[in-house]
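Listing of target-v8.txt, compact mmCIF, C-alpha atoms
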```txt
# COMPACT_ATOMS: atom_id res chain seq x y z
CA MET D 172 -103.07 -71.88 -146.03
CA ARG D 173 -99.41 -72.05 -145.00
CA SER D 174 -97.12 -74.99 -145.24
CA GLY D 175 -95.08 -76.26 -142.33
CA ASP D 176 -92.16 -73.92 -143.20
CA GLY D 177 -94.34 -70.82 -143.34
CA ARG D 178 -94.55 -70.43 -147.13
CA ILE D 179 -97.73 -70.24 -149.08
CA PRO D 180 -97.92 -73.19 -151.45
CA GLU D 181 -98.03 -72.22 -155.10
CA GLU D 182 -100.92 -73.15 -157.29
CA PRO D 183 -100.02 -75.95 -159.68
CA ALA D 184 -99.25 -74.43 -163.06
CA ALA D 185 -101.88 -75.03 -165.67
CA ALA D 186 -100.71 -77.01 -168.69
CA PRO D 187 -100.18 -74.70 -171.69
CA SER D 188 -102.81 -74.94 -174.36
CA ALA D 189 -101.91 -76.07 -177.88
CA ALA D 190 -102.07 -72.45 -179.07
CA ASP D 191 -99.67 -71.23 -176.34
CA ARG D 192 -97.00 -73.93 -176.63
CA PRO D 193 -94.29 -73.61 -179.27
CA PRO D 194 -94.66 -75.97 -182.23
CA ARG D 195 -92.46 -79.07 -182.41
CA GLY D 196 -91.46 -81.63 -185.05
CA ASP D 197 -93.16 -81.40 -188.41
CA GLU D 198 -95.31 -78.56 -187.17
CA LEU D 199 -92.16 -76.53 -186.39
CA ALA D 200 -90.67 -77.28 -189.80
CA GLU D 201 -93.86 -76.13 -191.53
CA THR D 202 -94.04 -72.96 -189.46
CA LEU D 203 -90.39 -72.11 -190.11
CA TYR D 204 -90.73 -72.78 -193.82
CA ARG D 205 -93.93 -70.76 -194.16
CA ARG D 206 -92.58 -67.80 -192.24
CA TYR D 207 -88.92 -67.64 -193.26
CA SER D 208 -88.29 -69.49 -196.54
CA VAL D 209 -88.91 -66.52 -198.86
CA PRO D 210 -86.80 -63.92 -197.01
CA LEU D 211 -84.13 -66.54 -196.32
CA LEU D 212 -83.99 -67.52 -200.01
CA SER D 213 -83.60 -63.87 -200.97
CA PHE D 214 -80.77 -63.52 -198.45
CA CYS D 215 -79.08 -66.70 -199.71
CA LEU D 216 -79.34 -65.67 -203.36
CA LYS D 217 -77.30 -62.56 -202.56
CA HIS D 218 -74.65 -64.62 -200.80
CA THR D 219 -74.42 -67.34 -203.44
CA GLY D 220 -73.98 -64.92 -206.31
CA GLY D 221 -77.45 -65.62 -207.70
CA ASP D 222 -76.99 -69.40 -207.89
CA ARG D 223 -80.60 -70.41 -207.17
CA GLN D 224 -79.94 -74.13 -206.76
CA TRP D 225 -77.15 -73.49 -204.27
CA ALA D 226 -79.30 -70.90 -202.46
CA GLU D 227 -82.19 -73.37 -202.17
CA ASP D 228 -79.80 -75.99 -200.78
CA VAL D 229 -78.56 -73.49 -198.19
CA VAL D 230 -82.14 -72.60 -197.19
CA GLN D 231 -82.97 -76.28 -196.79
CA GLU D 232 -79.87 -76.96 -194.69
CA THR D 233 -80.55 -73.86 -192.57
CA LEU D 234 -84.12 -74.95 -191.84
CA VAL D 235 -82.95 -78.49 -191.03
CA ARG D 236 -80.48 -77.06 -188.51
CA ALA D 237 -83.24 -74.92 -187.01
CA TRP D 238 -85.44 -78.01 -186.74
CA ARG D 239 -82.61 -79.87 -184.99
CA ASN D 240 -82.43 -77.04 -182.45
CA ALA D 241 -86.20 -77.08 -181.86
CA ASP D 242 -85.75 -77.06 -178.09
CA ARG D 243 -84.21 -73.56 -178.28
CA ILE D 244 -86.58 -72.08 -180.89
CA ASP D 245 -90.01 -70.54 -180.53
CA PRO D 246 -91.20 -69.33 -183.93
CA ASN D 247 -94.32 -67.81 -182.30
CA ASP D 248 -92.21 -65.38 -180.24
CA GLU D 249 -93.45 -61.99 -181.48
CA VAL D 250 -90.67 -60.10 -179.68
CA ARG D 251 -87.72 -61.92 -181.28
CA SER D 252 -87.52 -62.79 -184.94
CA LEU D 253 -85.60 -65.89 -185.93
CA MET D 254 -84.39 -64.25 -189.13
CA PRO D 255 -81.09 -62.94 -187.67
CA TRP D 256 -80.25 -66.39 -186.32
CA LEU D 257 -81.29 -68.11 -189.57
CA ALA D 258 -79.30 -65.58 -191.64
CA THR D 259 -76.20 -66.23 -189.54
CA VAL D 260 -76.57 -69.97 -189.96
CA ALA D 261 -77.14 -69.60 -193.72
CA ARG D 262 -74.14 -67.28 -194.11
CA ARG D 263 -71.92 -69.78 -192.30
CA ILE D 264 -73.19 -72.61 -194.53
CA VAL D 265 -72.29 -70.57 -197.63
CA ILE D 266 -68.83 -69.83 -196.22
CA ASP D 267 -68.30 -73.50 -195.41
CA ASP D 268 -69.41 -74.50 -198.93
CA ARG D 269 -66.97 -72.03 -200.49
CA ARG D 270 -64.13 -73.29 -198.32
CA ALA D 271 -64.95 -76.89 -199.18
CA LYS D 272 -64.97 -76.10 -202.91
CA SER D 273 -61.63 -74.31 -202.73
CA ALA D 274 -60.06 -77.08 -200.65
CA ARG D 275 -60.66 -79.85 -203.19
CA PRO D 276 -59.63 -79.96 -206.83
CA ARG D 277 -61.99 -78.41 -209.31
CA GLU D 278 -64.43 -80.86 -210.83
CA VAL D 279 -63.87 -81.59 -214.49
CA ASN D 280 -66.56 -82.22 -217.03
CA PRO D 281 -65.87 -85.68 -218.53
CA GLU D 282 -67.20 -84.80 -222.00
CA PRO D 283 -64.05 -83.12 -223.37
CA LEU D 284 -61.97 -86.10 -222.29
CA GLU D 285 -63.78 -88.24 -224.84
CA HIS D 286 -62.24 -86.18 -227.63
CA VAL D 287 -58.72 -85.79 -226.28
CA PRO D 288 -56.25 -87.46 -228.63
CA ALA D 289 -54.32 -90.17 -226.90
CA ASP D 290 -51.03 -91.69 -227.91
CA ASP D 291 -52.67 -94.79 -229.28
CA GLN D 292 -50.40 -97.36 -230.87
CA VAL D 293 -53.27 -99.37 -232.33
CA GLU D 294 -53.64 -97.31 -235.52
CA PRO D 295 -49.97 -97.57 -236.58
CA LEU D 296 -49.97 -101.27 -235.74
CA LEU D 297 -53.07 -101.91 -237.84
CA ARG D 298 -51.66 -99.85 -240.69
CA SER D 299 -48.40 -101.82 -240.67
CA MET D 300 -50.35 -105.11 -240.64
CA VAL D 301 -52.40 -104.04 -243.66
CA VAL D 302 -49.28 -102.91 -245.54
CA ALA D 303 -47.50 -106.18 -244.71
CA ASP D 304 -50.49 -108.13 -245.99
CA ALA D 305 -50.60 -106.03 -249.16
CA LEU D 306 -46.86 -106.57 -249.69
CA GLN D 307 -47.40 -110.33 -249.51
CA SER D 308 -49.85 -110.09 -252.40
CA LEU D 309 -47.12 -108.61 -254.68
CA SER D 310 -44.82 -110.69 -256.84
CA GLN D 311 -41.45 -111.73 -255.41
CA ALA D 312 -39.58 -109.29 -257.71
CA HIS D 313 -41.78 -106.32 -256.78
CA ARG D 314 -41.57 -107.13 -253.07
CA GLU D 315 -37.73 -107.37 -253.20
CA VAL D 316 -37.31 -104.05 -254.98
CA LEU D 317 -39.65 -102.25 -252.51
CA VAL D 318 -37.87 -103.78 -249.53
CA GLU D 319 -34.49 -102.56 -250.85
CA THR D 320 -35.55 -99.05 -251.87
CA VAL D 321 -38.24 -98.15 -249.35
CA LEU D 322 -37.72 -100.23 -246.24
CA ARG D 323 -33.91 -100.32 -246.31
CA ASP D 324 -33.79 -96.77 -247.66
CA ARG D 325 -31.28 -97.53 -250.42
CA SER D 326 -30.79 -95.58 -253.60
CA VAL D 327 -31.68 -97.13 -256.96
CA ASN D 328 -27.97 -97.80 -257.64
CA GLN D 329 -27.47 -99.48 -254.23
CA ALA D 330 -30.64 -101.59 -254.70
CA ALA D 331 -29.48 -102.66 -258.18
CA GLU D 332 -26.13 -103.71 -256.77
CA ALA D 333 -27.73 -105.61 -253.83
CA LEU D 334 -30.21 -107.41 -256.09
CA GLY D 335 -27.69 -107.97 -258.89
CA ILE D 336 -29.90 -106.44 -261.59
CA PRO D 337 -29.49 -103.37 -263.86
CA VAL D 338 -30.48 -99.90 -262.55
CA GLY D 339 -33.14 -99.50 -265.26
CA THR D 340 -34.81 -102.73 -264.15
CA VAL D 341 -34.91 -101.49 -260.53
CA LYS D 342 -36.53 -98.22 -261.67
CA SER D 343 -39.11 -100.07 -263.74
CA ARG D 344 -39.92 -102.58 -260.99
CA VAL D 345 -40.26 -99.82 -258.37
CA TYR D 346 -42.75 -97.99 -260.60
CA TYR D 347 -44.91 -101.08 -261.18
CA ALA D 348 -44.51 -102.34 -257.61
CA VAL D 349 -45.79 -99.05 -256.19
CA ARG D 350 -48.81 -99.16 -258.53
CA ALA D 351 -49.52 -102.78 -257.55
CA LEU D 352 -49.14 -101.96 -253.85
CA LYS D 353 -51.54 -99.03 -254.18
CA LEU D 354 -54.15 -101.31 -255.78
CA ALA D 355 -53.63 -103.96 -253.08
CA LEU D 356 -54.11 -101.35 -250.35
CA GLU D 357 -57.26 -99.98 -251.99
CA GLU D 358 -58.64 -103.52 -252.07
CA ARG D 359 -58.11 -103.61 -248.31
CA GLY D 360 -59.92 -100.30 -247.79
CA VAL D 361 -56.83 -98.09 -247.48
CA ASN D 362 -56.84 -94.92 -249.58
CA ALA D 363 -53.42 -93.44 -250.22
```
Reformat the file's structure so that it appears as structure tokens.
Amino acid sequence: MRSGDGRIPEEPAAAPSAADRPPRGDELAETLYRRYSVPLLSFCLKHTGGDRQWAEDVVQETLVRAWRNADRIDPNDEVRSLMPWLATVARRIVIDDRRAKSARPREVNPEPLEHVPADDQVEPLLRSMVVADALQSLSQAHREVLVETVLRDRSVNQAAEALGIPVGTVKSRVYYAVRALKLALEERGVNA
């Protein structure tokens, strides 16, 4: 039977059966994973220097990209293997990952930072407060002689002249004042 323009009308194409049509969606993802995950992982391990976690991430990203391009992929095509295309995608993902890692500063493990000494002014401040408190517990005479000799950095002769007492008395008071200060500091938990 001819149509009005002289052509023979074509038979309507039969709908492809489920076995003939390429898989889509979750079915495609399962097929790709079953068929290509092992060889693709082996390929990725070589390109990631044996880093299995990184290689598995690359395989996953590669299969996700294949799934996104489902309209162009037929995993049942016996003539063409998808492995060359998947390997190219995986290799480009590895290259992109390397570039991204080299473009940003190297990540630092925070653990060593916990033990880095910092210029902390708290310790010296606390120490000076404890010493000042211990000095207050000394007698007036012992405190005066320590202030002159230690804090003002005067010699025994200069301290004796400033305090108006004999040099021998300054020496004796310094000796006993230091012993008393040591005991006062020990009472406050400071070991000299």
For atom CA of Gln329 of chain D and atom CA of Val316 of chain D, the interatomic separation in Å (one decimal): 10.9 Å
From the options D:Gln292, D:Thr219, D:Gln307, D:Ser213, which residue's atoms come nearest to Val265 of chain D, counting all atoms listed in the file?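 Answer, going by the shortest atom-to-atom distance: D:Thr219.
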Near segment 337-348 of chain D, counting only C-alpha atoms, which residues have an atom at most 10 Å away, once you skip same-chain residues fewer than 6 positions from it, shown as a list in words?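 My reading of the contact set: Leu306, Leu309, Ser310, Ala312, His313, Arg314, Glu315, Val316, Leu317, Val318, Glu319, Thr320, Val321, Ser326, Val327, Asn328, Gln329, Ala330, Ala331 and Leu354 of chain D.
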Given the point (-76.2, -70.6, -205.4) in the file's coordinates, find the residues that have an atom at most 12 Å from it, counting all atoms listed in the file, and give them as a count of residues only. 26
Give me, please, the distance in Å between atom CA of Ser208 of chain D and atom CA of Arg243 of chain D, quoted to one decimal. 19.1 Å
Within 9 Å of Val260 of chain D, counting all atoms listed in the file, which residues show up once you throw out same-chain ones fewer than 3 positions away? Write them as a ChimeraX atom specification, please. /D:233,236-237,255-257,263-265
Go through D:Ala200, D:Val293, D:Ser273, D:Ala303 and flag the residue nearest Glu232 of chain D, using only C-alpha atoms for the distances.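 The closest residue to Glu232 of chain D is D:Ala200.
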Could you tell me how far atom CA of Tyr207 of chain D lies from atom CA of Val235 of chain D, in Å and to one decimal?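 Straight-line distance from atom CA of Tyr207 of chain D to atom CA of Val235 of chain D works out to 12.6 Å.
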